[in-house]
Each structure stands twice: as structure tokens, then as C-alpha cells.
Amino acid sequence: MGDDSKRNFRKNVRNEAEFFIDIYADDHTTFIGPGKIIDISLEGMSMESEADIPMNNEIVINFLLDKEYFSVPAEIVRADKRVTVNSYGVKFTDLSRYLKDKLQQYMLQQYVQQLVAPGAKKSEERRKKMRNKFNIPVGFYAASDNVFKGTGEGLDLSSKGVAIKTDIFIFVQTKVTVHFILKKDSFVFPGEVVGMNTEKEERIYRIKFEDAPLDKVEYIQEHISEISSIAVMY
């Protein structure tokens, strides 16, 4: 790929994406609302949000990319108001060199995935078979003094970890302990919060197990209907 082609690729290619963001006013503190990125490029992105944002409004977009948080100043350059969810075109106004490199890497990864889509689809189907969705109450406790902090809801369980929805704020990379309480058994797995997405006023955390015995995780998956509750210490 020649230099001109490389420049055109970096500037013009847009990749389909679907991950959640938080939208703030340009003062970085006034929360406008949650949103979802539809596609993204080095110049800007398309997003959806229930928030009503005027044209030419300057905003700040916070999102998680490859386990890192980024805060990007931007401007609304297109606004399609709809009955439920509004569609916006956003132009980045101050993109750091580091984030440009991260986005370029992300877009290249997406491009490669498209080339191997048939194999990737089969892998995704296998992953779905290994993941169990459920709806189980979760209690959150401070690890230092075991004080109850609030509740949440378990969403799905895989051999690698668990997804939990709550309005409690926990930093990414926080070390946690996840307790699964079944009718006749209980299991404790150490883990780490490796990702967070925002869904309306709640947050969805992805917790990755650390050194969890596979046979015990598979046992829980096989007896998922017997889980009475989950406790998270953080």
C-alpha cells in the first residue's frame, strides 16, 4: 500500500461499530445522556442517542476502547430527530495522536475480521453456545469491611467471566471476588473488571475470572437454574 493509499485509508475508511458512550457538554461535567456508536473513522462517527442535541453543539464523548477510557471533544454536524432514538453525525475537533493510532489499529482489526467473516461467524456461534444468559440478583459489598453497597443483575456467564448490570460505579481494572451461591454449593472466583458499557442510567460490567477452575465454572453453567444469588466484593 503506497503512502497516498495509506493516508486515504486512515482518513476515509469508516468501520461499523456498536459500543456505548457517555455524552457530556463541553464543560466535561454536564451529562447530556448515553449513546451508541454506529460507525467510526478518524474524522468522526455516527451515533444514536435518545438525548436531544442541537446542530453545531460542542460536546465531549467518553468511551472505552481496548480497555482504555477516552474523552474526545466533538461537534454535532448532522442531526436526524426521530420518534424514539435520534441519529447524529459527529466531527472530532481535537483528536490526540495516541487515540488516532488506537482508532487506526481498531479499524484495521475490523477490516481483517471482515476478511475472515465465515470463520469468525462460526467462532462466535461456538462462543454463544458456551455462554449462558440468566437473570439473577447480585449484591455488591465493600471488600474492606463487608458493607453492603447496592444491588445489580447478572446477565450472562461464560467460561471466562460474567456480565453484571448495576447503577453502582466501579473503576475498570478493579480487583473483585465473585461468590456464586447455589442451592447446595457455593463457589468463589477472584476476578477483575475488564470493561464497562453504559445502558441508560445503568452500567454493564464485564468481569474476567482469574485462575477459575474450568470444571467448576462448567458445573455452575450446567446448574445455572440452581443459582440463588451472586455476591461481588470490590
# chains A, B, ... in the order shown; residues from 1 in each chain; ligands from 1
$ residues_around --residues "range 76-81 of chain A" --least-positions-apart "2" --cutoff "6 Å" --atoms "only C-alpha atoms" --output "PyMOL selection string"
chain A and resi 55-57+86-90
$ residues_around --residues "Ala25 in chain A" --least-positions-apart "6" --cutoff "9 Å" --atoms "only C-alpha atoms" --output "list in words"
Phe31, Ile32, Asn57, Glu58, Ile59, Val60 and Ile61 of chain A
$ write_last_selection --atoms "all heavy atoms" --output "PDB file, in the first residue's frame"
ATOM      1  N   PHE A  31     -23.820  16.131  32.210  1.00  0.00           N
ATOM      2  CA  PHE A  31     -24.151  14.894  31.492  1.00  0.00           C
ATOM      3  C   PHE A  31     -25.368  15.126  30.599  1.00  0.00           C
ATOM      4  O   PHE A  31     -26.429  15.539  31.063  1.00  0.00           O
ATOM      5  CB  PHE A  31     -24.426  13.776  32.490  1.00  0.00           C
ATOM      6  CG  PHE A  31     -24.717  12.450  31.855  1.00  0.00           C
ATOM      7  CD1 PHE A  31     -23.772  11.817  31.060  1.00  0.00           C
ATOM      8  CD2 PHE A  31     -25.939  11.826  32.062  1.00  0.00           C
ATOM      9  CE1 PHE A  31     -24.032  10.582  30.481  1.00  0.00           C
ATOM     10  CE2 PHE A  31     -26.207  10.593  31.492  1.00  0.00           C
ATOM     11  CZ  PHE A  31     -25.249   9.968  30.700  1.00  0.00           C
ATOM     12  N   ILE A  32     -25.217  14.865  29.303  1.00  0.00           N
ATOM     13  CA  ILE A  32     -26.318  15.021  28.345  1.00  0.00           C
ATOM     14  C   ILE A  32     -27.119  13.732  28.235  1.00  0.00           C
ATOM     15  O   ILE A  32     -28.339  13.749  28.199  1.00  0.00           O
ATOM     16  CB  ILE A  32     -25.769  15.438  26.969  1.00  0.00           C
ATOM     17  CG1 ILE A  32     -25.131  16.832  27.055  1.00  0.00           C
ATOM     18  CG2 ILE A  32     -26.878  15.423  25.913  1.00  0.00           C
ATOM     19  CD1 ILE A  32     -24.480  17.296  25.765  1.00  0.00           C
ATOM     20  N   ASN A  57     -23.734  21.874  18.108  1.00  0.00           N
ATOM     21  CA  ASN A  57     -23.431  21.865  19.536  1.00  0.00           C
ATOM     22  C   ASN A  57     -22.069  21.204  19.777  1.00  0.00           C
ATOM     23  O   ASN A  57     -21.751  20.177  19.178  1.00  0.00           O
ATOM     24  CB  ASN A  57     -24.510  21.087  20.289  1.00  0.00           C
ATOM     25  CG  ASN A  57     -24.781  21.651  21.661  1.00  0.00           C
ATOM     26  OD1 ASN A  57     -24.831  22.860  21.838  1.00  0.00           O
ATOM     27  ND2 ASN A  57     -24.942  20.784  22.637  1.00  0.00           N
ATOM     28  N   GLU A  58     -21.271  21.798  20.649  1.00  0.00           N
ATOM     29  CA  GLU A  58     -19.993  21.206  21.013  1.00  0.00           C
ATOM     30  C   GLU A  58     -20.196  20.289  22.215  1.00  0.00           C
ATOM     31  O   GLU A  58     -20.806  20.685  23.217  1.00  0.00           O
ATOM     32  CB  GLU A  58     -18.968  22.294  21.329  1.00  0.00           C
ATOM     33  CG  GLU A  58     -18.604  23.132  20.101  1.00  0.00           C
ATOM     34  CD  GLU A  58     -17.533  24.164  20.411  1.00  0.00           C
ATOM     35  OE1 GLU A  58     -17.197  24.330  21.597  1.00  0.00           O
ATOM     36  OE2 GLU A  58     -17.022  24.776  19.461  1.00  0.00           O
ATOM     37  N   ILE A  59     -19.689  19.080  22.101  1.00  0.00           N
ATOM     38  CA  ILE A  59     -19.897  18.065  23.134  1.00  0.00           C
ATOM     39  C   ILE A  59     -18.573  17.379  23.447  1.00  0.00           C
ATOM     40  O   ILE A  59     -17.557  17.615  22.777  1.00  0.00           O
ATOM     41  CB  ILE A  59     -20.935  17.004  22.691  1.00  0.00           C
ATOM     42  CG1 ILE A  59     -20.468  16.317  21.396  1.00  0.00           C
ATOM     43  CG2 ILE A  59     -22.302  17.635  22.503  1.00  0.00           C
ATOM     44  CD1 ILE A  59     -21.342  15.159  20.955  1.00  0.00           C
ATOM     45  N   VAL A  60     -18.609  16.524  24.471  1.00  0.00           N
ATOM     46  CA  VAL A  60     -17.470  15.674  24.806  1.00  0.00           C
ATOM     47  C   VAL A  60     -17.990  14.237  24.893  1.00  0.00           C
ATOM     48  O   VAL A  60     -19.000  13.982  25.559  1.00  0.00           O
ATOM     49  CB  VAL A  60     -16.822  16.084  26.141  1.00  0.00           C
ATOM     50  CG1 VAL A  60     -15.714  15.108  26.517  1.00  0.00           C
ATOM     51  CG2 VAL A  60     -16.258  17.498  26.040  1.00  0.00           C
ATOM     52  N   ILE A  61     -17.320  13.330  24.205  1.00  0.00           N
ATOM     53  CA  ILE A  61     -17.739  11.939  24.154  1.00  0.00           C
ATOM     54  C   ILE A  61     -16.757  11.084  24.944  1.00  0.00           C
ATOM     55  O   ILE A  61     -15.553  11.104  24.673  1.00  0.00           O
ATOM     56  CB  ILE A  61     -17.814  11.440  22.695  1.00  0.00           C
ATOM     57  CG1 ILE A  61     -18.840  12.280  21.918  1.00  0.00           C
ATOM     58  CG2 ILE A  61     -18.181   9.968  22.639  1.00  0.00           C
ATOM     59  CD1 ILE A  61     -18.772  12.081  20.434  1.00  0.00           C
TER      60      ILE A  61
END
$ atom_distance --atom1 "CA of Asp22 in chain A" --atom2 "CA of Arg82 in chain A"
19.7 Å
$ select_by_dssp --residues "range 7-117 of chain A" --states "strand (DSSP E)" --output "VMD selection string"
chain A and resid 15 to 25 31 to 40 44 to 49 58 to 65 68 to 80 86 to 92
$ residues_around --residues "Gly195 in chain A" --least-positions-apart "6" --cutoff "12 Å" --atoms "only C-alpha atoms" --output "list in words"
Phe19, Phe20, Phe63, Leu64, Leu65, Asp66, Lys67, Glu68, Tyr69, Gly161, Val162, Ala163, Ile164, Lys165, Ile170, Phe171, Val172, Gln173, Thr174, Arg203, Ile204, Tyr205, Arg206, Ile207 and Lys208 of chain A
$ closest_residue --among "A:Ile220, A:Ala142, A:Ile53, A:Met45" --to "Thr93 in chain A" --atoms "only C-alpha atoms"
A:Met45
$ select_by_dssp --residues "range 148-228 of chain A" --states "alpha helix (DSSP H)" --output "list in words"
Leu214, Asp215, Lys216, Val217, Glu218, Tyr219, Ile220, Gln221 and Glu222 of chain A
$ residues_around --residues "Val176 in chain A" --least-positions-apart "4" --cutoff "8 Å" --atoms "only C-alpha atoms" --output "PyMOL selection string"
chain A and resi 190-193+232-234
$ atom_distance --atom1 "CA of Arg97 in chain A" --atom2 "CA of Ser41 in chain A"
13.9 Å
$ residues_around --residues "Phe189 in chain A" --least-positions-apart "4" --cutoff "10 Å" --atoms "only C-alpha atoms" --output "PyMOL selection string"
chain A and resi 161+176-180+208-213+216-217+232
$ atom_distance --atom1 "CA of Glu202 in chain A" --atom2 "CA of Phe187 in chain A"
26.5 Å
$ closest_residue --among "A:Pro73, A:Ile38, A:Gly150, A:Thr198" --to "Pro137 in chain A" --atoms "only C-alpha atoms"
A:Gly150
$ closest_residue --among "A:Val72, A:Ala143, A:Ser159, A:Ser49" --to "Glu222 in chain A" --atoms "only C-alpha atoms"
A:Ser159
